file upload.txt (compact mmCIF, C-alpha atoms)
# COMPACT_ATOMS: atom_id res chain seq x y z
CA MET R 1 20.78 -18.88 -9.85
CA THR R 2 19.07 -15.88 -11.32
CA SER R 3 21.37 -13.25 -12.70
CA GLU R 4 20.83 -9.52 -12.71
CA HIS R 5 20.18 -9.21 -16.44
CA ASP R 6 17.04 -11.31 -16.08
CA ASN R 7 15.43 -8.15 -14.73
CA HIS R 8 15.29 -6.77 -18.20
CA ASP R 9 14.14 -9.87 -20.05
CA PRO R 10 10.52 -9.26 -20.96
CA SER R 11 9.73 -12.95 -21.49
CA ARG R 12 10.91 -13.78 -18.00
CA ARG R 13 8.98 -10.84 -16.64
CA LYS R 14 5.90 -12.31 -18.29
CA VAL R 15 6.46 -15.66 -16.64
CA LEU R 16 6.71 -13.97 -13.27
CA GLU R 17 3.31 -12.36 -13.59
CA CYS R 18 1.81 -14.90 -11.30
CA MET R 19 -0.34 -15.04 -8.24
CA THR R 20 0.16 -17.31 -5.29
CA TRP R 21 -2.03 -18.12 -2.35
CA ALA R 22 -0.23 -19.38 0.71
CA GLY R 23 -1.22 -19.99 4.29
CA THR R 24 2.18 -20.68 5.79
CA GLY R 25 5.54 -18.95 5.91
CA VAL R 26 6.63 -17.78 2.51
CA LEU R 27 9.94 -16.18 1.74
CA TRP R 28 10.67 -13.77 -1.03
CA THR R 29 14.15 -12.70 -1.84
CA ILE R 30 14.20 -9.89 -4.29
CA ALA R 31 17.05 -8.55 -6.37
CA GLY R 32 16.31 -5.42 -8.33
CA GLY R 33 12.60 -6.08 -7.96
CA VAL R 34 12.60 -9.64 -9.28
CA PRO R 35 12.45 -12.62 -6.96
CA THR R 36 15.46 -14.91 -7.02
CA ALA R 37 14.16 -17.41 -4.52
CA MET R 38 10.83 -18.40 -3.15
CA GLY R 39 9.96 -21.01 -0.61
CA ILE R 40 8.70 -21.98 2.79
CA ILE R 41 11.02 -20.90 5.57
CA ASP R 42 11.26 -20.45 9.29
CA GLN R 43 12.42 -17.77 11.65
CA ALA R 44 16.10 -18.56 10.99
CA ILE R 45 16.07 -16.29 7.95
CA ALA R 46 15.09 -13.34 10.09
CA ALA R 47 17.87 -14.14 12.52
CA GLU R 48 20.62 -13.95 9.92
CA ALA R 49 19.28 -10.82 8.35
CA LYS R 50 21.49 -7.77 8.39
CA GLY R 51 20.12 -4.37 7.53
CA LEU R 52 16.59 -3.14 7.95
CA THR R 53 13.90 -5.42 9.31
CA PHE R 54 10.40 -4.10 9.79
CA LEU R 55 7.07 -5.67 10.49
CA GLN R 56 3.65 -5.42 8.94
CA ILE R 57 0.43 -6.12 10.79
CA SER R 58 -3.00 -5.56 9.33
CA ASP R 59 -6.73 -5.74 9.79
CA SER R 60 -6.87 -6.14 13.56
CA HIS R 61 -10.60 -5.17 13.58
CA VAL R 62 -10.59 -4.53 17.32
CA GLY R 63 -14.23 -4.70 18.42
CA PHE R 64 -15.18 -7.50 16.03
CA ASP R 65 -17.07 -10.19 17.98
CA LYS R 66 -18.92 -12.23 15.36
CA PRO R 67 -18.71 -16.05 14.95
CA ALA R 68 -15.66 -15.89 12.63
CA ASN R 69 -13.68 -14.75 15.71
CA PRO R 70 -15.51 -13.67 18.87
CA ASN R 71 -12.29 -12.22 20.35
CA ALA R 72 -10.37 -10.12 17.83
CA LEU R 73 -8.52 -8.31 20.63
CA GLY R 74 -7.31 -11.68 21.91
CA THR R 75 -5.82 -12.72 18.57
CA LEU R 76 -4.21 -9.26 18.24
CA GLU R 77 -2.60 -9.91 21.61
CA GLU R 78 -1.27 -13.22 20.28
CA ALA R 79 0.09 -11.45 17.21
CA ILE R 80 1.87 -8.88 19.37
CA GLY R 81 3.22 -11.79 21.41
CA ARG R 82 4.72 -13.11 18.17
CA VAL R 83 6.28 -9.72 17.46
CA LYS R 84 7.87 -9.59 20.90
CA ALA R 85 9.29 -13.09 20.41
CA LEU R 86 11.03 -12.31 17.10
CA PRO R 87 14.74 -13.22 17.16
CA VAL R 88 15.63 -9.90 15.51
CA LYS R 89 13.89 -6.84 16.86
CA PRO R 90 12.28 -5.01 13.93
CA ALA R 91 13.15 -1.34 13.46
CA PHE R 92 9.47 -0.41 13.40
CA MET R 93 6.04 -1.67 12.49
CA ILE R 94 3.57 -0.65 9.81
CA HIS R 95 -0.16 -1.23 10.23
CA THR R 96 -2.06 -1.39 6.95
CA GLY R 97 -5.45 -0.42 8.31
CA ASP R 98 -8.71 -1.63 9.80
CA ILE R 99 -7.20 -1.14 13.23
CA THR R 100 -10.75 -1.08 14.61
CA HIS R 101 -14.00 -2.62 13.45
CA LEU R 102 -16.33 0.35 13.98
CA SER R 103 -14.05 3.38 14.60
CA LYS R 104 -15.21 3.60 18.22
CA PRO R 105 -12.93 5.48 20.63
CA LYS R 106 -12.78 2.46 22.93
CA GLU R 107 -11.75 0.23 20.03
CA PHE R 108 -8.92 2.65 19.15
CA ASP R 109 -7.91 2.76 22.83
CA ASP R 110 -7.88 -1.03 23.14
CA ALA R 111 -5.89 -1.38 19.91
CA ASP R 112 -3.34 1.23 21.04
CA GLN R 113 -2.90 -0.39 24.39
CA MET R 114 -2.29 -3.79 22.83
CA ILE R 115 -0.07 -2.70 19.93
CA SER R 116 2.07 -0.43 22.15
CA GLN R 117 3.17 -3.53 24.07
CA ALA R 118 5.39 -4.39 21.11
CA ARG R 119 7.43 -1.28 22.05
CA LEU R 120 7.97 -0.31 18.43
CA ASP R 121 7.23 2.81 16.43
CA VAL R 122 4.13 2.15 14.35
CA HIS R 123 3.36 3.80 11.02
CA TYR R 124 -0.34 3.55 10.24
CA VAL R 125 -2.62 3.99 7.23
CA PRO R 126 -6.39 3.84 7.69
CA GLY R 127 -8.76 1.14 6.49
CA GLU R 128 -12.41 1.83 5.72
CA HIS R 129 -13.35 0.60 9.20
CA ASP R 130 -11.21 3.33 10.80
CA ILE R 131 -12.98 6.26 9.16
CA LEU R 132 -16.64 5.53 9.89
CA ASP R 133 -16.96 8.99 11.42
CA GLU R 134 -17.42 11.20 8.39
CA GLU R 135 -14.68 13.71 9.15
CA VAL R 136 -12.03 11.03 9.79
CA LYS R 137 -11.49 12.88 13.04
CA LEU R 138 -10.83 9.93 15.35
CA TYR R 139 -8.20 8.40 13.08
CA ARG R 140 -6.49 11.68 12.24
CA GLU R 141 -6.25 12.83 15.84
CA ARG R 142 -4.45 9.63 16.79
CA TYR R 143 -2.39 8.72 13.78
CA GLY R 144 -2.61 11.47 11.20
CA ARG R 145 -0.52 14.18 12.84
CA GLY R 146 1.92 15.56 10.32
CA ALA R 147 0.28 13.59 7.52
CA MET R 148 -1.41 15.01 4.45
CA GLY R 149 -5.10 14.81 3.51
CA ALA R 150 -6.80 11.83 5.13
CA GLY R 151 -3.42 10.58 6.38
CA TRP R 152 -0.84 10.00 3.65
CA TYR R 153 2.88 10.61 4.22
CA SER R 154 6.36 9.33 3.49
CA PHE R 155 9.53 8.72 5.46
CA ASP R 156 13.00 7.24 4.99
CA ALA R 157 14.73 4.45 6.86
CA ASN R 158 18.11 2.87 6.06
CA GLY R 159 18.05 4.29 2.55
CA VAL R 160 14.59 2.88 1.82
CA HIS R 161 11.82 5.35 0.99
CA PHE R 162 8.48 4.43 2.61
CA ILE R 163 5.18 5.85 1.36
CA GLY R 164 1.91 5.39 3.26
CA LEU R 165 -1.14 5.99 1.05
CA VAL R 166 -4.87 6.29 1.81
CA ASN R 167 -7.27 4.62 -0.63
CA VAL R 168 -10.42 4.29 1.47
CA THR R 169 -11.96 7.77 1.25
CA ASN R 170 -14.23 9.44 -1.33
CA LEU R 171 -15.12 6.10 -2.89
CA LYS R 172 -17.37 6.26 -5.95
CA ALA R 173 -20.48 4.13 -6.57
CA GLY R 174 -19.65 0.97 -8.47
CA GLY R 175 -15.92 1.61 -8.08
CA LEU R 176 -12.95 0.33 -6.11
CA GLY R 177 -10.51 1.92 -3.70
CA ASN R 178 -9.54 5.49 -4.53
CA LEU R 179 -6.40 7.61 -4.15
CA GLY R 180 -7.68 10.79 -5.80
CA ASP R 181 -6.00 13.59 -7.73
CA GLU R 182 -4.72 15.47 -4.68
CA GLN R 183 -2.90 12.45 -3.27
CA LEU R 184 -1.52 11.44 -6.69
CA ALA R 185 -0.15 14.96 -7.21
CA TRP R 186 1.48 14.73 -3.80
CA LEU R 187 2.97 11.33 -4.70
CA GLU R 188 4.42 12.67 -7.93
CA ALA R 189 6.09 15.51 -6.05
CA ASP R 190 7.28 13.14 -3.33
CA LEU R 191 9.02 10.88 -5.87
CA LYS R 192 10.48 13.69 -7.95
CA GLY R 193 14.24 13.94 -7.70
CA ARG R 194 14.68 10.53 -6.10
CA THR R 195 17.15 8.29 -7.87
CA ALA R 196 15.84 5.17 -9.60
CA SER R 197 18.07 3.06 -7.37
CA THR R 198 16.22 4.14 -4.21
CA PRO R 199 14.27 1.12 -2.91
CA ILE R 200 10.62 2.08 -2.49
CA VAL R 201 8.07 0.53 -0.15
CA VAL R 202 4.47 1.64 -0.66
CA PHE R 203 1.81 0.62 1.83
CA ALA R 204 -1.95 1.18 1.78
CA HIS R 205 -5.03 -0.66 3.01
CA ILE R 206 -6.81 -1.84 -0.15
CA PRO R 207 -4.59 -3.61 -2.70
CA LEU R 208 -3.23 -1.07 -5.23
CA TRP R 209 -3.71 -3.56 -8.05
CA VAL R 210 -7.03 -5.20 -8.94
CA VAL R 211 -7.15 -8.54 -7.15
CA TYR R 212 -10.87 -9.17 -7.72
CA ARG R 213 -13.15 -6.50 -9.10
CA ASP R 214 -16.42 -8.28 -8.22
CA TRP R 215 -15.59 -7.90 -4.54
CA GLY R 216 -14.11 -4.42 -4.87
CA TRP R 217 -10.60 -5.72 -4.15
CA GLY R 218 -8.49 -3.17 -5.94
CA THR R 219 -7.81 0.55 -6.36
CA GLU R 220 -9.47 2.38 -9.22
CA ASP R 221 -6.60 4.80 -9.85
CA GLY R 222 -3.86 2.54 -8.43
CA GLY R 223 -2.41 2.22 -11.94
CA ARG R 224 -1.59 5.93 -11.96
CA ALA R 225 0.47 5.52 -8.81
CA LEU R 226 2.20 2.44 -10.21
CA ASP R 227 3.09 4.30 -13.42
CA MET R 228 4.97 6.85 -11.32
CA LEU R 229 6.89 4.01 -9.65
CA LYS R 230 7.92 2.25 -12.87
CA ARG R 231 11.31 3.90 -13.14
CA PHE R 232 12.45 2.59 -9.75
CA GLY R 233 14.49 -0.60 -9.62
CA SER R 234 12.92 -2.03 -6.49
CA VAL R 235 9.33 -1.34 -5.52
CA THR R 236 7.44 -3.29 -2.88
CA VAL R 237 3.71 -2.73 -2.38
CA LEU R 238 2.28 -3.94 0.93
CA ASN R 239 -1.48 -4.06 1.44
CA GLY R 240 -4.13 -5.58 3.69
CA HIS R 241 -7.94 -5.55 3.38
CA ILE R 242 -8.37 -9.02 1.88
CA HIS R 243 -7.30 -10.96 5.00
CA GLN R 244 -5.14 -13.47 3.16
CA VAL R 245 -1.68 -13.67 1.64
CA MET R 246 -1.54 -12.91 -2.03
CA GLN R 247 1.52 -12.13 -4.11
CA LYS R 248 2.21 -10.89 -7.56
CA VAL R 249 5.25 -9.61 -9.42
CA GLU R 250 5.08 -7.24 -12.34
CA GLY R 251 8.33 -5.89 -13.69
CA ASN R 252 10.26 -4.45 -10.76
CA VAL R 253 7.17 -4.23 -8.56
CA THR R 254 6.37 -6.85 -5.95
CA PHE R 255 2.85 -6.86 -4.53
CA HIS R 256 2.07 -8.56 -1.26
CA THR R 257 -1.01 -8.63 0.96
CA ALA R 258 -0.91 -9.57 4.64
CA GLN R 259 -3.07 -11.82 6.74
CA SER R 260 -5.41 -10.25 9.25
CA THR R 261 -4.92 -10.67 12.99
CA ALA R 262 -8.72 -10.96 13.40
CA PHE R 263 -10.51 -13.20 10.90
CA PRO R 264 -9.90 -14.78 7.48
CA GLN R 265 -11.78 -13.92 4.31
CA PRO R 266 -12.49 -16.30 1.42
CA VAL R 267 -10.32 -16.80 -1.63
CA PRO R 268 -11.80 -14.67 -4.46
CA GLY R 269 -14.84 -16.25 -6.06
CA THR R 270 -15.08 -19.20 -3.64
CA ALA R 271 -17.91 -17.72 -1.56
CA PRO R 272 -21.04 -15.65 -2.26
CA SER R 273 -19.43 -12.61 -0.59
CA PRO R 274 -16.11 -11.46 0.85
CA GLY R 275 -17.51 -11.44 4.41
CA PRO R 276 -15.73 -12.94 7.44
CA MET R 277 -15.06 -16.64 6.91
CA LYS R 278 -15.95 -19.01 9.74
CA VAL R 279 -13.47 -21.87 9.96
CA ALA R 280 -12.97 -24.64 12.53
CA ASP R 281 -11.65 -23.23 15.82
CA ASP R 282 -8.39 -25.15 15.57
CA LYS R 283 -7.77 -23.77 12.07
CA LEU R 284 -8.38 -20.07 12.76
CA ARG R 285 -4.86 -19.24 13.94
CA THR R 286 -3.28 -20.82 10.87
CA LEU R 287 -5.09 -18.18 8.79
CA LEU R 288 -4.14 -15.18 10.95
CA GLY R 289 -0.68 -13.73 11.26
CA ILE R 290 1.99 -11.08 10.88
CA THR R 291 4.49 -10.25 8.13
CA ASN R 292 8.21 -9.71 8.60
CA VAL R 293 10.08 -7.75 5.92
CA THR R 294 13.85 -7.51 5.65
CA PHE R 295 15.88 -5.23 3.45
CA LYS R 296 19.52 -6.21 3.15
CA GLN R 297 21.64 -3.17 2.60
CA GLY R 298 23.79 -2.99 -0.49
CA GLU R 299 22.08 -5.98 -2.04
CA GLN R 300 18.79 -4.26 -2.83
CA ARG R 301 17.06 -7.31 -1.49
CA LEU R 302 13.76 -7.51 0.28
CA ALA R 303 12.61 -10.66 2.01
CA ILE R 304 8.96 -10.98 2.97
CA VAL R 305 8.04 -13.63 5.51
CA ASP R 306 4.47 -14.37 6.52
CA GLN R 307 4.16 -15.85 9.94
CA PRO R 308 0.83 -17.38 10.98
CA LEU R 309 -0.16 -17.26 14.66
CA GLN R 310 -0.07 -21.06 14.55
CA SER R 311 1.60 -23.17 11.92
CA MET J 1 -50.71 -39.59 -9.59
CA VAL J 2 -53.23 -36.86 -10.11
CA LEU J 3 -54.74 -37.45 -6.72
CA ARG J 4 -51.35 -37.40 -5.02
CA LYS J 5 -50.41 -34.17 -6.73
CA LEU J 6 -53.64 -32.55 -5.56
CA CYS J 7 -53.02 -33.72 -2.03
CA VAL J 8 -49.52 -32.28 -1.98
CA GLY J 9 -50.76 -29.05 -3.48
CA GLY J 10 -53.57 -28.84 -0.95
CA LEU J 11 -51.21 -29.43 1.93
CA ARG J 12 -48.79 -26.82 0.66
CA GLN J 13 -51.60 -24.29 0.37
CA ALA J 14 -52.74 -25.02 3.88
CA VAL J 15 -49.22 -24.58 5.24
CA LEU J 16 -48.77 -21.34 3.34
CA GLY J 17 -52.11 -20.13 4.65
CA ILE J 18 -51.16 -20.83 8.24
CA ALA J 19 -47.74 -19.25 7.74
CA ALA J 20 -49.37 -16.15 6.27
CA LEU J 21 -51.77 -15.89 9.21
CA LEU J 22 -48.88 -16.25 11.66
CA ALA J 23 -46.88 -13.65 9.79
CA ILE J 24 -49.72 -11.15 9.92
CA ALA J 25 -50.20 -11.79 13.62
CA ALA J 26 -46.51 -11.15 14.26
CA ILE J 27 -46.43 -7.74 12.61
CA PRO J 28 -47.21 -4.86 14.93
CA PRO J 29 -50.29 -2.89 13.82
CA SER J 30 -48.26 0.19 12.87
CA ALA J 31 -46.19 -1.77 10.36
CA ARG J 32 -49.06 -3.45 8.57
CA ALA J 33 -49.40 -0.76 5.92
CA GLU J 34 -46.76 -2.46 3.76
CA GLU J 35 -43.43 -0.81 4.50
CA PRO J 36 -40.93 -1.57 1.75
CA SER J 37 -37.56 -2.71 2.92
CA VAL J 38 -34.14 -3.50 1.53
CA LYS J 39 -32.09 -6.24 3.13
CA ILE J 40 -28.30 -5.84 3.22
CA ASP J 41 -26.76 -9.28 3.14
CA ASN J 42 -23.72 -10.93 1.54
CA PHE J 43 -22.45 -7.49 0.43
CA THR J 44 -25.59 -6.87 -1.65
CA PHE J 45 -28.72 -4.73 -1.46
CA ASN J 46 -31.82 -6.88 -1.81
CA PRO J 47 -33.82 -6.16 -3.87
CA PRO J 48 -31.28 -4.17 -5.89
CA THR J 49 -34.08 -2.10 -7.42
CA LEU J 50 -37.15 -1.15 -5.42
CA THR J 51 -40.12 0.70 -6.92
CA ILE J 52 -42.31 2.71 -4.55
CA ALA J 53 -44.87 5.50 -4.60
CA ALA J 54 -43.86 9.01 -3.57
CA GLY J 55 -44.23 9.56 0.15
CA THR J 56 -43.13 6.03 1.02
CA THR J 57 -40.57 5.31 3.71
CA VAL J 58 -37.95 2.69 2.90
CA THR J 59 -36.11 0.76 5.61
CA TRP J 60 -32.67 -0.79 5.04
CA LYS J 61 -31.51 -3.43 7.50
CA ASN J 62 -27.94 -4.72 7.68
CA GLU J 63 -27.86 -8.47 8.17
CA ASP J 64 -24.14 -8.83 7.37
CA ASP J 65 -21.29 -9.40 9.84
CA ILE J 66 -19.62 -6.28 8.43
CA PRO J 67 -20.79 -2.65 8.69
CA HIS J 68 -22.27 -1.01 5.60
CA THR J 69 -23.72 2.37 4.66
CA VAL J 70 -26.54 3.51 2.41
CA ALA J 71 -25.31 6.54 0.47
CA SER J 72 -27.07 8.32 -2.38
CA THR J 73 -24.82 8.97 -5.39
CA THR J 74 -26.19 12.54 -5.48
CA LYS J 75 -25.87 12.95 -1.69
CA ALA J 76 -29.67 13.13 -1.37
CA PHE J 77 -29.41 10.83 1.66
CA LYS J 78 -26.75 8.98 3.62
CA SER J 79 -26.89 6.67 6.60
CA LYS J 80 -24.29 6.37 9.30
CA ALA J 81 -22.33 3.12 9.31
CA LEU J 82 -24.84 0.37 10.05
CA ASP J 83 -23.52 -2.43 12.22
CA THR J 84 -25.13 -5.89 12.16
CA ASP J 85 -28.92 -5.60 12.69
CA ASP J 86 -28.89 -1.78 12.49
CA SER J 87 -31.53 -0.13 10.31
CA TYR J 88 -31.83 3.12 8.38
CA THR J 89 -35.00 4.71 7.03
CA PHE J 90 -35.58 7.42 4.46
CA THR J 91 -38.84 8.86 3.15
CA PHE J 92 -38.93 9.56 -0.58
CA THR J 93 -41.26 12.46 -1.31
CA THR J 94 -40.19 13.42 -4.85
CA PRO J 95 -40.58 11.08 -7.84
CA GLY J 96 -37.38 10.07 -9.57
CA VAL J 97 -34.66 7.44 -9.72
CA TYR J 98 -32.39 7.41 -6.66
CA GLU J 99 -29.17 5.46 -7.08
CA TYR J 100 -27.22 4.59 -3.97
CA PHE J 101 -24.20 2.56 -2.86
CA CYS J 102 -22.26 1.50 0.22
CA SER J 103 -19.60 4.16 0.76
CA LEU J 104 -17.37 1.56 2.44
CA HIS J 105 -17.77 -1.13 -0.24
CA PRO J 106 -18.65 0.87 -3.35
CA HIS J 107 -19.15 -2.20 -5.54
CA MET J 108 -22.43 -2.59 -3.62
CA THR J 109 -25.07 -0.57 -5.50
CA GLY J 110 -28.86 -0.26 -5.46
CA LYS J 111 -31.68 1.86 -6.85
CA ILE J 112 -34.97 3.25 -5.55
CA VAL J 113 -37.52 4.17 -8.23
CA VAL J 114 -40.05 6.64 -6.84
CA GLU J 115 -43.25 6.97 -8.89
CA ALA J 116 -45.81 9.77 -8.65
CA LYS J 117 -48.87 8.87 -6.60
CA THR J 118 -51.69 7.65 -8.83
CA GLY J 119 -54.63 10.01 -8.07
CA SER J 120 -57.44 8.26 -6.18
CA ASN J 121 -55.36 5.23 -5.25
call {"tool": "encode", "arguments": {"input": "upload.txt", "output": "structure tokens"}}
result
Amino acid sequence: MTSEHDNHDPSRRKVLECMTWAGTGVLWTIAGGVPTAMGIIDQAIAAEAKGLTFLQISDSHVGFDKPANPNALGTLEEAIGRVKALPVKPAFMIHTGDITHLSKPKEFDDADQMISQARLDVHYVPGEHDILDEEVKLYRERYGRGAMGAGWYSFDANGVHFIGLVNVTNLKAGGLGNLGDEQLAWLEADLKGRTASTPIVVFAHIPLWVVYRDWGWGTEDGGRALDMLKRFGSVTVLNGHIHQVMQKVEGNVTFHTAQSTAFPQPVPGTAPSPGPMKVADDKLRTLLGITNVTFKQGEQRLAIVDQPLQS
Amino acid sequence: MVLRKLCVGGLRQAVLGIAALLAIAAIPPSARAEEPSVKIDNFTFNPPTLTIAAGTTVTWKNEDDIPHTVASTTKAFKSKALDTDDSYTFTFTTPGVYEYFCSLHPHMTGKIVVEAKTGSN
């Protein structure tokens, strides 16, 4: 339906600069960074996928016990149950931060114990709730081995280059998330020499683009990172932090945020603050979930499927 | 009309008076000497600007469901992460304007204006 040359049509690109909110399963099929199909799907898509399938979970906030969800560890367990039940076993998992609520050792232990039941390698980046100890010691000891700075790194899988970034440290008054000069210099060096046809997946806690400045939902110097990624034909940016699905396409870059496994947060501007949103008990699990991402080799396609704990 | 208005006003005053008496009774003696405080709620510092005399101790209390910090932009002071109902106090001895923010949610900002003590007062 959509041919390759549409990638380079600026008017079409303009049309695609859209934002969507969705609570149920949403499928993205991406060719050369531009979606060719979009719709509600079920697990069957994952089953027929060939190539690399990986999973994103986010914002598990282990230790959170407030009215919006008195048992965040319980809903994480349900999310891991969903992972174990997937028809195609993912190659690995990424966790886009806020593993714990208060960076307490017991919260990290509980999270580890639960997440390890999925029996998958997990690539983490920290959220602001994981670095409440000033030196970021607890997070780094567990997850930051071999990583740079506060925990950024890259790796390759099935020809896809994955980059985990940290945008929750050294935040400035009045500002948003922050990558910082040191990390940006590292990113530039990391991308240097890679061919433009290499599919790139970038993941970080706070959205790299500005979703809603009034609530601090964005990264101050995220644009500098995105500039470096412009020359690549397929870039996928996966974030958490805002506890809801949000999608945007700009040129060859697809942005996607995941649901939390702990509690929902309001749609931008619909509440006085971005704090935990209390919903009816029977609705909570429709707003929590996991994200399944598939890269089909040779086709440069990425399919992103959000799966709520309860549909 | 006039009479009714007076009655309502009188009643309101009486209620306020009783409430004030109850409030005073509830405050422990040590806290009666007007301790300024900043409430953290809905991802905001309230009041956003607080003016105090040098030597005053300010208390911040987190009433949100999410942890916050109180961090000076010049690193003059910084709290640990405050969970729900946790408090932080800092005594301002030197006059000046102290801007601060939440280091976890930096769009949250506030200001303490510390004025020199006025002689005999």
call {"tool": "residues_around", "arguments": {"input": "upload.txt", "residues": "range 98-103 of chain J", "least_positions_apart": "5", "cutoff": "7 Å", "atoms": "all atoms listed in the file", "output": "list in words"}}
result
Leu171 and Ala173 of chain R; His68, Thr69, Val70, Ala71, Ser72, Thr73, Met108, Thr109, Gly110, Lys111, Ile112 and Val113 of chain J
call {"tool": "write_last_selection", "arguments": {"input": "upload.txt", "atoms": "C-alpha atoms", "output": "PDB file, in the coordinates of the input"}}
result
ATOM      1  CA  LEU R 171     -15.120   6.100  -2.890  1.00  0.00           C
ATOM      2  CA  ALA R 173     -20.480   4.130  -6.570  1.00  0.00           C
TER       3      ALA R 173
ATOM      4  CA  HIS J  68     -22.270  -1.010   5.600  1.00  0.00           C
ATOM      5  CA  THR J  69     -23.720   2.370   4.660  1.00  0.00           C
ATOM      6  CA  VAL J  70     -26.540   3.510   2.410  1.00  0.00           C
ATOM      7  CA  ALA J  71     -25.310   6.540   0.470  1.00  0.00           C
ATOM      8  CA  SER J  72     -27.070   8.320  -2.380  1.00  0.00           C
ATOM      9  CA  THR J  73     -24.820   8.970  -5.390  1.00  0.00           C
ATOM     10  CA  MET J 108     -22.430  -2.590  -3.620  1.00  0.00           C
ATOM     11  CA  THR J 109     -25.070  -0.570  -5.500  1.00  0.00           C
ATOM     12  CA  GLY J 110     -28.860  -0.260  -5.460  1.00  0.00           C
ATOM     13  CA  LYS J 111     -31.680   1.860  -6.850  1.00  0.00           C
ATOM     14  CA  ILE J 112     -34.970   3.250  -5.550  1.00  0.00           C
ATOM     15  CA  VAL J 113     -37.520   4.170  -8.230  1.00  0.00           C
TER      16      VAL J 113
END
call {"tool": "closest_atom_pairs", "arguments": {"input": "upload.txt", "of": "range 47-117 of chain R", "to": "range 236-253 of chain R", "cutoff": "7 Å", "atoms": "only C-alpha atoms", "output": "tab-separated table"}}
result
residue	atom	partner	partner_atom	distance
R:Ser58	CA	R:Gly240	CA	5.8
R:Asp59	CA	R:His241	CA	6.5
R:Thr96	CA	R:Gly240	CA	5.7
call {"tool": "interface_residues", "arguments": {"input": "upload.txt", "of": "chain J", "to": "chain R", "cutoff": "6 Å", "atoms": "all atoms listed in the file", "output": "PyMOL selection string"}}
result
chain J and resi 42+101+104+106-107
call {"tool": "atom_distance", "arguments": {"input": "upload.txt", "atom1": "CA of Thr291 in chain R", "atom2": "CA of Ile115 in chain R"}}
result
14.7 Å
call {"tool": "closest_residue", "arguments": {"input": "upload.txt", "among": "R:Ala111, R:Ile290, R:Met148, R:Ala225", "to": "Met93 in chain R", "atoms": "only C-alpha atoms"}}
result
R:Ile290
call {"tool": "build_atoms", "arguments": {"input": "upload.txt", "residues": "range 153-164 of chain R", "atoms": "N, CA and C atoms", "output": "mmCIF file, keeping the file's coordinate frame"}}
result
data_model
loop_
_atom_site.group_PDB
_atom_site.id
_atom_site.type_symbol
_atom_site.label_atom_id
_atom_site.label_comp_id
_atom_site.auth_asym_id
_atom_site.auth_seq_id
_atom_site.Cartn_x
_atom_site.Cartn_y
_atom_site.Cartn_z
ATOM 1 N N TYR R 153 1.575 10.062 3.809
ATOM 2 C CA TYR R 153 2.880 10.610 4.220
ATOM 3 C C TYR R 153 3.984 9.719 3.693
ATOM 4 N N SER R 154 5.221 10.181 3.845
ATOM 5 C CA SER R 154 6.360 9.330 3.490
ATOM 6 C C SER R 154 7.471 9.532 4.512
ATOM 7 N N PHE R 155 8.373 8.576 4.579
ATOM 8 C CA PHE R 155 9.530 8.720 5.460
ATOM 9 C C PHE R 155 10.654 7.830 4.933
ATOM 10 N N ASP R 156 11.864 8.030 5.440
ATOM 11 C CA ASP R 156 13.000 7.240 4.990
ATOM 12 C C ASP R 156 13.597 6.456 6.157
ATOM 13 N N ALA R 157 14.040 5.269 5.853
ATOM 14 C CA ALA R 157 14.730 4.450 6.860
ATOM 15 C C ALA R 157 15.772 3.595 6.161
ATOM 16 N N ASN R 158 16.994 3.663 6.625
ATOM 17 C CA ASN R 158 18.110 2.870 6.060
ATOM 18 C C ASN R 158 18.198 2.962 4.537
ATOM 19 N N GLY R 159 17.944 4.120 3.994
ATOM 20 C CA GLY R 159 18.050 4.290 2.550
ATOM 21 C C GLY R 159 16.836 3.822 1.774
ATOM 22 N N VAL R 160 15.838 3.292 2.478
ATOM 23 C CA VAL R 160 14.590 2.880 1.820
ATOM 24 C C VAL R 160 13.569 3.997 1.988
ATOM 25 N N HIS R 161 12.846 4.321 0.905
ATOM 26 C CA HIS R 161 11.820 5.350 0.990
ATOM 27 C C HIS R 161 10.461 4.695 1.180
ATOM 28 N N PHE R 162 9.786 5.014 2.283
ATOM 29 C CA PHE R 162 8.480 4.430 2.610
ATOM 30 C C PHE R 162 7.374 5.441 2.325
ATOM 31 N N ILE R 163 6.306 4.974 1.688
ATOM 32 C CA ILE R 163 5.180 5.850 1.360
ATOM 33 C C ILE R 163 3.881 5.201 1.855
ATOM 34 N N GLY R 164 3.196 5.879 2.770
ATOM 35 C CA GLY R 164 1.910 5.390 3.260
ATOM 36 C C GLY R 164 0.784 6.118 2.531
#
